[in-house]
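Enquirer: mmCIF, C-alpha atoms and all ligand atoms, saved as protein.cif, coming up:
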```
data_protein
loop_
_atom_site.group_PDB
_atom_site.id
_atom_site.type_symbol
_atom_site.label_atom_id
_atom_site.label_comp_id
_atom_site.auth_asym_id
_atom_site.auth_seq_id
_atom_site.Cartn_x
_atom_site.Cartn_y
_atom_site.Cartn_z
ATOM 1 C CA ALA E 920 -1.232 -9.012 -8.870
ATOM 2 C CA ILE E 921 -2.600 -7.584 -5.631
ATOM 3 C CA PRO E 922 -5.767 -5.504 -5.209
ATOM 4 C CA ILE E 923 -5.310 -1.739 -5.532
ATOM 5 C CA TYR E 924 -5.914 -1.391 -1.778
ATOM 6 C CA GLY E 925 -2.921 -3.645 -1.049
ATOM 7 C CA VAL E 926 -2.457 -6.393 1.505
ATOM 8 C CA PRO E 927 -2.898 -5.202 5.112
ATOM 9 C CA GLY E 928 -0.394 -6.590 7.604
ATOM 10 C CA THR E 929 2.362 -6.984 4.994
ATOM 11 C CA ALA E 930 4.939 -4.722 3.330
ATOM 12 C CA ARG E 931 2.254 -4.204 0.657
ATOM 13 C CA GLU E 932 -0.134 -2.559 3.094
ATOM 14 C CA ARG E 933 -1.626 0.600 1.596
ATOM 15 C CA THR E 934 -3.465 3.633 2.919
ATOM 16 C CA PHE E 935 -5.237 6.652 1.500
ATOM 17 C CA ILE E 936 -3.661 9.959 2.523
ATOM 18 C CA ALA E 937 -5.036 13.315 1.351
ATOM 19 C CA VAL E 938 -3.880 16.897 1.595
ATOM 20 C CA LYS E 939 -7.084 18.869 2.124
ATOM 21 C CA PRO E 940 -7.694 22.232 0.394
ATOM 22 C CA ASP E 941 -6.228 24.251 3.272
ATOM 23 C CA GLY E 942 -3.023 22.219 3.101
ATOM 24 C CA VAL E 943 -2.779 22.805 -0.649
ATOM 25 C CA GLN E 944 -3.588 26.513 -0.304
ATOM 26 C CA ARG E 945 -0.935 26.884 2.397
ATOM 27 C CA GLY E 946 1.803 25.254 0.316
ATOM 28 C CA LEU E 947 2.220 22.166 2.500
ATOM 29 C CA VAL E 948 1.942 19.527 -0.239
ATOM 30 C CA SER E 949 5.676 18.943 -0.653
ATOM 31 C CA ASP E 950 6.265 18.784 3.095
ATOM 32 C CA ILE E 951 3.536 16.199 3.602
ATOM 33 C CA ILE E 952 4.671 14.071 0.660
ATOM 34 C CA GLY E 953 8.273 14.427 1.841
ATOM 35 C CA ARG E 954 7.538 13.111 5.297
ATOM 36 C CA PHE E 955 6.113 9.878 3.880
ATOM 37 C CA GLU E 956 8.914 9.575 1.304
ATOM 38 C CA ARG E 957 11.675 10.104 3.849
ATOM 39 C CA ARG E 958 10.118 7.613 6.244
ATOM 40 C CA GLY E 959 10.573 5.009 3.518
ATOM 41 C CA TYR E 960 6.982 4.636 2.377
ATOM 42 C CA LYS E 961 6.327 4.174 -1.336
ATOM 43 C CA LEU E 962 4.048 6.454 -3.350
ATOM 44 C CA VAL E 963 1.798 4.263 -5.506
ATOM 45 C CA GLY E 964 -1.045 6.683 -6.303
ATOM 46 C CA LEU E 965 -1.245 10.488 -6.688
ATOM 47 C CA LYS E 966 -3.887 12.859 -8.082
ATOM 48 C CA LEU E 967 -5.082 16.452 -7.782
ATOM 49 C CA LEU E 968 -8.790 17.167 -7.996
ATOM 50 C CA VAL E 969 -11.732 19.137 -6.698
ATOM 51 C CA PRO E 970 -13.854 16.254 -5.436
ATOM 52 C CA SER E 971 -17.549 16.136 -6.274
ATOM 53 C CA ALA E 972 -20.039 16.486 -3.441
ATOM 54 C CA ALA E 973 -21.003 12.856 -4.056
ATOM 55 C CA LEU E 974 -17.394 11.738 -3.581
ATOM 56 C CA ALA E 975 -16.905 13.806 -0.423
ATOM 57 C CA LYS E 976 -20.209 12.610 1.058
ATOM 58 C CA GLU E 977 -19.348 8.975 0.383
ATOM 59 C CA HIS E 978 -15.828 9.471 1.769
ATOM 60 C CA TYR E 979 -17.240 10.919 4.997
ATOM 61 C CA ALA E 980 -20.462 8.821 5.029
ATOM 62 C CA ASP E 981 -19.856 7.732 8.638
ATOM 63 C CA LEU E 982 -20.124 11.380 9.720
ATOM 64 C CA SER E 983 -23.303 12.265 7.782
ATOM 65 C CA SER E 984 -25.358 12.829 10.947
ATOM 66 C CA LYS E 985 -22.821 15.203 12.532
ATOM 67 C CA PRO E 986 -23.577 18.920 12.790
ATOM 68 C CA PHE E 987 -20.326 19.797 10.989
ATOM 69 C CA PHE E 988 -21.004 17.491 8.015
ATOM 70 C CA ALA E 989 -22.323 20.135 5.583
ATOM 71 C CA GLY E 990 -19.452 22.471 6.368
ATOM 72 C CA LEU E 991 -16.974 19.628 6.021
ATOM 73 C CA VAL E 992 -18.302 18.707 2.572
ATOM 74 C CA ASP E 993 -18.255 22.366 1.468
ATOM 75 C CA TYR E 994 -14.666 22.795 2.707
ATOM 76 C CA MET E 995 -13.571 19.756 0.702
ATOM 77 C CA THR E 996 -15.531 20.504 -2.495
ATOM 78 C CA ASN E 997 -15.958 24.268 -2.952
ATOM 79 C CA GLY E 998 -13.017 24.548 -5.315
ATOM 80 C CA LYS E 999 -11.178 27.327 -3.490
ATOM 81 C CA ALA E 1000 -8.296 24.850 -3.698
ATOM 82 C CA PRO E 1001 -8.056 21.234 -4.834
ATOM 83 C CA VAL E 1002 -7.352 18.122 -2.818
ATOM 84 C CA ILE E 1003 -4.251 15.954 -3.305
ATOM 85 C CA GLY E 1004 -5.205 12.281 -3.037
ATOM 86 C CA MET E 1005 -2.480 9.714 -2.507
ATOM 87 C CA VAL E 1006 -1.964 6.027 -1.908
ATOM 88 C CA TRP E 1007 1.098 5.148 0.175
ATOM 89 C CA GLU E 1008 2.477 1.631 0.657
ATOM 90 C CA GLY E 1009 4.666 -0.012 3.281
ATOM 91 C CA PRO E 1010 4.807 -1.788 6.641
ATOM 92 C CA SER E 1011 2.129 -0.545 9.081
ATOM 93 C CA VAL E 1012 1.390 2.406 6.813
ATOM 94 C CA ILE E 1013 -2.246 2.635 7.925
ATOM 95 C CA LYS E 1014 -1.414 3.011 11.616
ATOM 96 C CA GLN E 1015 1.811 4.963 11.113
ATOM 97 C CA GLY E 1016 0.116 7.279 8.616
ATOM 98 C CA ARG E 1017 -2.340 8.247 11.345
ATOM 99 C CA VAL E 1018 0.507 8.729 13.830
ATOM 100 C CA MET E 1019 2.289 10.986 11.333
ATOM 101 C CA LEU E 1020 -0.883 13.092 10.835
ATOM 102 C CA GLY E 1021 -1.450 13.561 14.570
ATOM 103 C CA ALA E 1022 -4.703 13.937 16.479
ATOM 104 C CA THR E 1023 -7.856 14.996 14.607
ATOM 105 C CA ASP E 1024 -8.026 18.147 16.734
ATOM 106 C CA PRO E 1025 -4.731 19.932 16.069
ATOM 107 C CA LYS E 1026 -4.894 21.511 19.505
ATOM 108 C CA ALA E 1027 -4.293 18.001 20.859
ATOM 109 C CA ALA E 1028 -1.743 16.976 18.196
ATOM 110 C CA GLY E 1029 1.837 16.538 19.343
ATOM 111 C CA PRO E 1030 4.803 18.405 17.933
ATOM 112 C CA GLY E 1031 6.484 16.468 15.159
ATOM 113 C CA THR E 1032 3.147 15.466 13.666
ATOM 114 C CA ILE E 1033 1.784 17.175 10.560
ATOM 115 C CA ARG E 1034 -1.218 18.628 12.377
ATOM 116 C CA GLY E 1035 0.820 19.406 15.485
ATOM 117 C CA ASP E 1036 3.359 21.317 13.440
ATOM 118 C CA TYR E 1037 1.126 23.191 11.000
ATOM 119 C CA CYS E 1038 -2.448 23.772 12.135
ATOM 120 C CA LEU E 1039 -4.723 24.859 14.954
ATOM 121 C CA SER E 1040 -8.378 24.051 14.180
ATOM 122 C CA ILE E 1041 -10.274 20.791 13.815
ATOM 123 C CA GLY E 1042 -12.169 22.276 10.883
ATOM 124 C CA ARG E 1043 -8.903 23.158 9.076
ATOM 125 C CA ASN E 1044 -6.674 20.235 9.902
ATOM 126 C CA ILE E 1045 -4.994 20.030 6.459
ATOM 127 C CA CYS E 1046 -4.773 16.270 5.969
ATOM 128 C CA HIS E 1047 -6.607 12.965 5.990
ATOM 129 C CA GLY E 1048 -5.517 9.370 6.549
ATOM 130 C CA SER E 1049 -7.470 6.107 6.542
ATOM 131 C CA ASP E 1050 -8.194 4.934 10.101
ATOM 132 C CA SER E 1051 -8.292 1.144 9.502
ATOM 133 C CA ALA E 1052 -7.752 -1.524 6.857
ATOM 134 C CA GLU E 1053 -11.480 -1.424 6.091
ATOM 135 C CA SER E 1054 -11.379 2.357 5.629
ATOM 136 C CA ALA E 1055 -8.262 2.126 3.467
ATOM 137 C CA GLN E 1056 -9.952 -0.413 1.189
ATOM 138 C CA LYS E 1057 -13.064 1.739 0.894
ATOM 139 C CA GLU E 1058 -11.196 5.026 0.388
ATOM 140 C CA ILE E 1059 -8.589 3.769 -2.096
ATOM 141 C CA SER E 1060 -11.338 2.147 -4.161
ATOM 142 C CA LEU E 1061 -13.423 5.331 -4.000
ATOM 143 C CA TRP E 1062 -10.699 7.835 -4.915
ATOM 144 C CA PHE E 1063 -8.639 5.593 -7.227
ATOM 145 C CA GLY E 1064 -11.151 3.439 -9.065
ATOM 146 C CA GLY E 1065 -9.739 4.014 -12.539
ATOM 147 C CA ARG E 1066 -7.539 1.594 -14.437
ATOM 148 C CA GLY E 1067 -3.833 2.135 -13.838
ATOM 149 C CA GLU E 1068 -4.347 4.839 -11.205
ATOM 150 C CA VAL E 1069 -2.534 2.817 -8.539
ATOM 151 C CA VAL E 1070 0.870 1.550 -9.652
ATOM 152 C CA SER E 1071 2.737 -1.378 -8.102
ATOM 153 C CA TRP E 1072 6.465 -0.814 -8.565
ATOM 154 C CA ALA E 1073 9.711 -2.109 -7.097
ATOM 155 C CA SER E 1074 11.757 0.626 -5.439
ATOM 156 C CA ASN E 1075 15.540 0.228 -5.536
ATOM 157 C CA ASN E 1076 15.424 1.297 -1.879
ATOM 158 C CA ASP E 1077 13.217 -1.617 -0.835
ATOM 159 C CA GLU E 1078 16.103 -3.780 0.353
ATOM 160 C CA TRP E 1079 17.467 -0.846 2.409
ATOM 161 C CA VAL E 1080 14.132 0.005 3.984
ATOM 162 C CA ILE E 1081 12.384 -3.302 4.505
ATOM 163 C CA SER E 1082 13.816 -6.295 6.358
ATOM 164 C CA ASP E 1083 12.204 -8.666 8.814
ATOM 165 C CA ASN E 1084 15.413 -9.099 10.837
HETATM 166 N N1 LIG V 1101 -14.272 17.429 11.762
HETATM 167 C C1 LIG V 1101 -14.742 18.678 12.080
HETATM 168 N N2 LIG V 1101 -15.251 18.888 13.333
HETATM 169 C C2 LIG V 1101 -15.288 17.906 14.272
HETATM 170 C C3 LIG V 1101 -14.806 16.636 13.939
HETATM 171 C C4 LIG V 1101 -14.298 16.427 12.674
HETATM 172 O O1 LIG V 1101 -14.712 19.595 11.255
HETATM 173 O O2 LIG V 1101 -15.751 18.153 15.395
HETATM 174 C C5 LIG V 1101 -13.730 17.201 10.425
HETATM 175 C C6 LIG V 1101 -12.202 17.263 10.390
HETATM 176 O O3 LIG V 1101 -11.815 17.820 9.136
HETATM 177 C C7 LIG V 1101 -11.828 15.798 10.449
HETATM 178 C C8 LIG V 1101 -12.929 15.188 9.600
HETATM 179 O O4 LIG V 1101 -14.095 15.912 9.969
HETATM 180 O O5 LIG V 1101 -10.527 15.564 9.938
HETATM 181 C C9 LIG V 1101 -13.170 13.724 9.786
HETATM 182 O O6 LIG V 1101 -13.363 13.454 11.157
HETATM 183 P P1 LIG V 1101 -12.721 12.167 11.812
HETATM 184 O O7 LIG V 1101 -13.288 12.025 13.174
HETATM 185 O O8 LIG V 1101 -12.853 11.007 10.878
HETATM 186 O O9 LIG V 1101 -11.181 12.593 11.960
HETATM 187 P P2 LIG V 1101 -9.870 12.167 11.145
HETATM 188 O O10 LIG V 1101 -10.045 10.733 10.746
HETATM 189 O O11 LIG V 1101 -9.746 13.092 9.957
HETATM 190 O O12 LIG V 1101 -8.728 12.366 12.103
HETATM 191 MG MG MG V 1102 -11.615 9.752 9.872
#
```
Go through the file and emit its structure as structure tokens.
Ligand code: UDP
Ligand code: MG

Expert:
Amino acid sequence: AIPIYGVPGTARERTFIAVKPDGVQRGLVSDIIGRFERRGYKLVGLKLLVPSAALAKEHYADLSSKPFFAGLVDYMTNGKAPVIGMVWEGPSVIKQGRVMLGATDPKAAGPGTIRGDYCLSIGRNICHGSDSAESAQKEISLWFGGRGEVVSWASNNDEWVISDN
């Protein structure tokens, strides 16, 4: 058995991807999930919740001194829409997940990225992705601590998606 946060640098690498409340409210959940599915990544964790303030503050602990922190926590936790939390698995999923999201500021995000295609403001940038193996470990453990919430499974597509040749 592997840890719930996977094995970085292998085909079992895992990352935490979230659709933020604006992405849920705007009906972008299926599009965002679909992009990861079609790429060949494997969904191993999925939940819908309004996160507690404690969870959001811990998730964004590195930003606690920033002027936008209180607004960021409110945006994530006020319950006007839930968050979709996911764990995705596959080769280079941490780095490629960030590439697929696009730049933090959507005004700088390229077309073809989620943010570049669907949003305009840094404060409403619709999605989150872990920025490193350390962040992925922290975030997966934080959002998916419960028993059985991350599922290791063999996809019948694995042999068609993953080869070292
Ligand atoms: N954020 C914001 N204003 C800023 C910078 C960041 O509202 O000036 C928010 C935005 O939602 C961003 C999140 O804080 O996605 C986390 O910031 P980070 O720099 O970690 O960007 P990310 O990893 O999400 O691309
Ligand atoms: Mg970040």

Enquirer: Just say which residues the PyMOL selection byres (((not hetatm)) within 10 of (chain V and resi 1102)) picks in this file, as a PyMOL selection string.

Expert: chain E and resi 978-979+981-982+1017+1023+1047-1051+1054

Enquirer: Could you tell me, as a list in words, exactly which residues end up selected when the PyMOL selection byres (((chain E and resi 1008-1013) around 6) and not hetatm) is applied to this structure?

Expert: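 For this structure, the PyMOL selection byres (((chain E and resi 1008-1013) around 6) and not hetatm) resolves to Thr929, Ala930, Arg931, Glu932, Arg933, Thr934, Tyr960, Lys961, Trp1007, Lys1014, Gln1015 and Gly1016 of chain E.
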
Enquirer: Got a sec: who's within 10 Å of Asp950 in chain E, counting all atoms listed in the file, leaving out chain neighbours fewer than 6 positions off, as a list in words?

Expert: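 Listed by chain and then number, they are Gly942, Glu956 and Ile1033 of chain E.
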
Enquirer: Have a look at E:Arg1034, E:Lys976, E:Arg1043, E:Lys999 and name the one nearest to ligand LIG 1101 (chain V); count all atoms listed in the file.

Expert: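 Closest residue, counting all atoms listed in the file: E:Arg1043.
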
Enquirer: Which is closest to ligand LIG 1101 (chain V) among E:Leu965, E:Met1005, E:Ala1000, E:Ile936, if we use only C-alpha atoms and all ligand atoms?

Expert: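 Looking at the shortest contact to ligand LIG 1101 (chain V), the residue is E:Ile936.
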
Enquirer: Kindly provide, as a PyMOL selection string, all nucleotide and amino acid residues lying within 6 Å of ligand LIG 1101 (chain V), counting only C-alpha atoms and all ligand atoms.

Expert: chain E and resi 987+991+1023+1041-1042+1044+1047

Enquirer: Limited to C-alpha atoms, could you put the picked residues into a file as a PDB file, in the coordinates of the input?

Expert:
```
ATOM      1  CA  PHE E 987     -20.326  19.797  10.989  1.00  0.00           C
ATOM      2  CA  LEU E 991     -16.974  19.628   6.021  1.00  0.00           C
ATOM      3  CA  THR E1023      -7.856  14.996  14.607  1.00  0.00           C
ATOM      4  CA  ILE E1041     -10.274  20.791  13.815  1.00  0.00           C
ATOM      5  CA  GLY E1042     -12.169  22.276  10.883  1.00  0.00           C
ATOM      6  CA  ASN E1044      -6.674  20.235   9.902  1.00  0.00           C
ATOM      7  CA  HIS E1047      -6.607  12.965   5.990  1.00  0.00           C
TER       8      HIS E1047
END
```

Enquirer: I'd like the residues picked by the PyMOL selection byres (((chain E and resi 974) around 10) and not hetatm) written out as number ranges by chain, using the chain letters and numbers from the file.

Expert: E: 969-973, 975-980, 992, 995-996, 1058, 1061-1062

Enquirer: Looking at E:Ser1060, E:Asn997, E:Gly1031, E:Gly959, which one is nearest to Val1080 in chain E, with distances taken over all atoms listed in the file?

Expert: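 So, comparing all the options, the nearest one is E:Gly959.
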
Enquirer: Please, what distance in Å, to one decimal, runs between CA of Ser1071 in chain E and CA of Ala920 in chain E?

Expert: 8.6 Å

Enquirer: With all atoms listed in the file as the basis for distance, which of E:Tyr994, E:Lys985, E:Arg954, E:Gly1004 is at the shortest distance from Glu1068 in chain E?

Expert: E:Gly1004

Enquirer: Can you report as AutoDock Vina command-line options the centre and edge lengths in Å, to one decimal, of an axis-aligned box around the listed atoms of range 1031-1038 of chain E padded with 4 Å on each side?

Expert:
```
--center_x 2.0 --center_y 19.6 --center_z 13.0 --size_x 16.9 --size_y 16.3 --size_z 12.9
```

Enquirer: Report, in Å to a single decimal, how far apart CA of Ser983 in chain E and CA of Ala1022 in chain E are.

Expert: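 Calculated distance between CA of Ala1022 in chain E and CA of Ser983 in chain E is 20.6 Å.
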
Enquirer: To one decimal in Å, tell me the separation between CA of Leu968 in chain E and CA of Ile1003 in chain E.

Expert: 6.6 Å

Enquirer: From the set E:Pro940, E:Gly990, E:Gly964, E:Gly953, which residue has the shortest atom-to-atom contact distance to Cys1046 in chain E, counting all atoms listed in the file?

Expert: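 Looking at the shortest contact to Cys1046 in chain E, the residue is E:Pro940.
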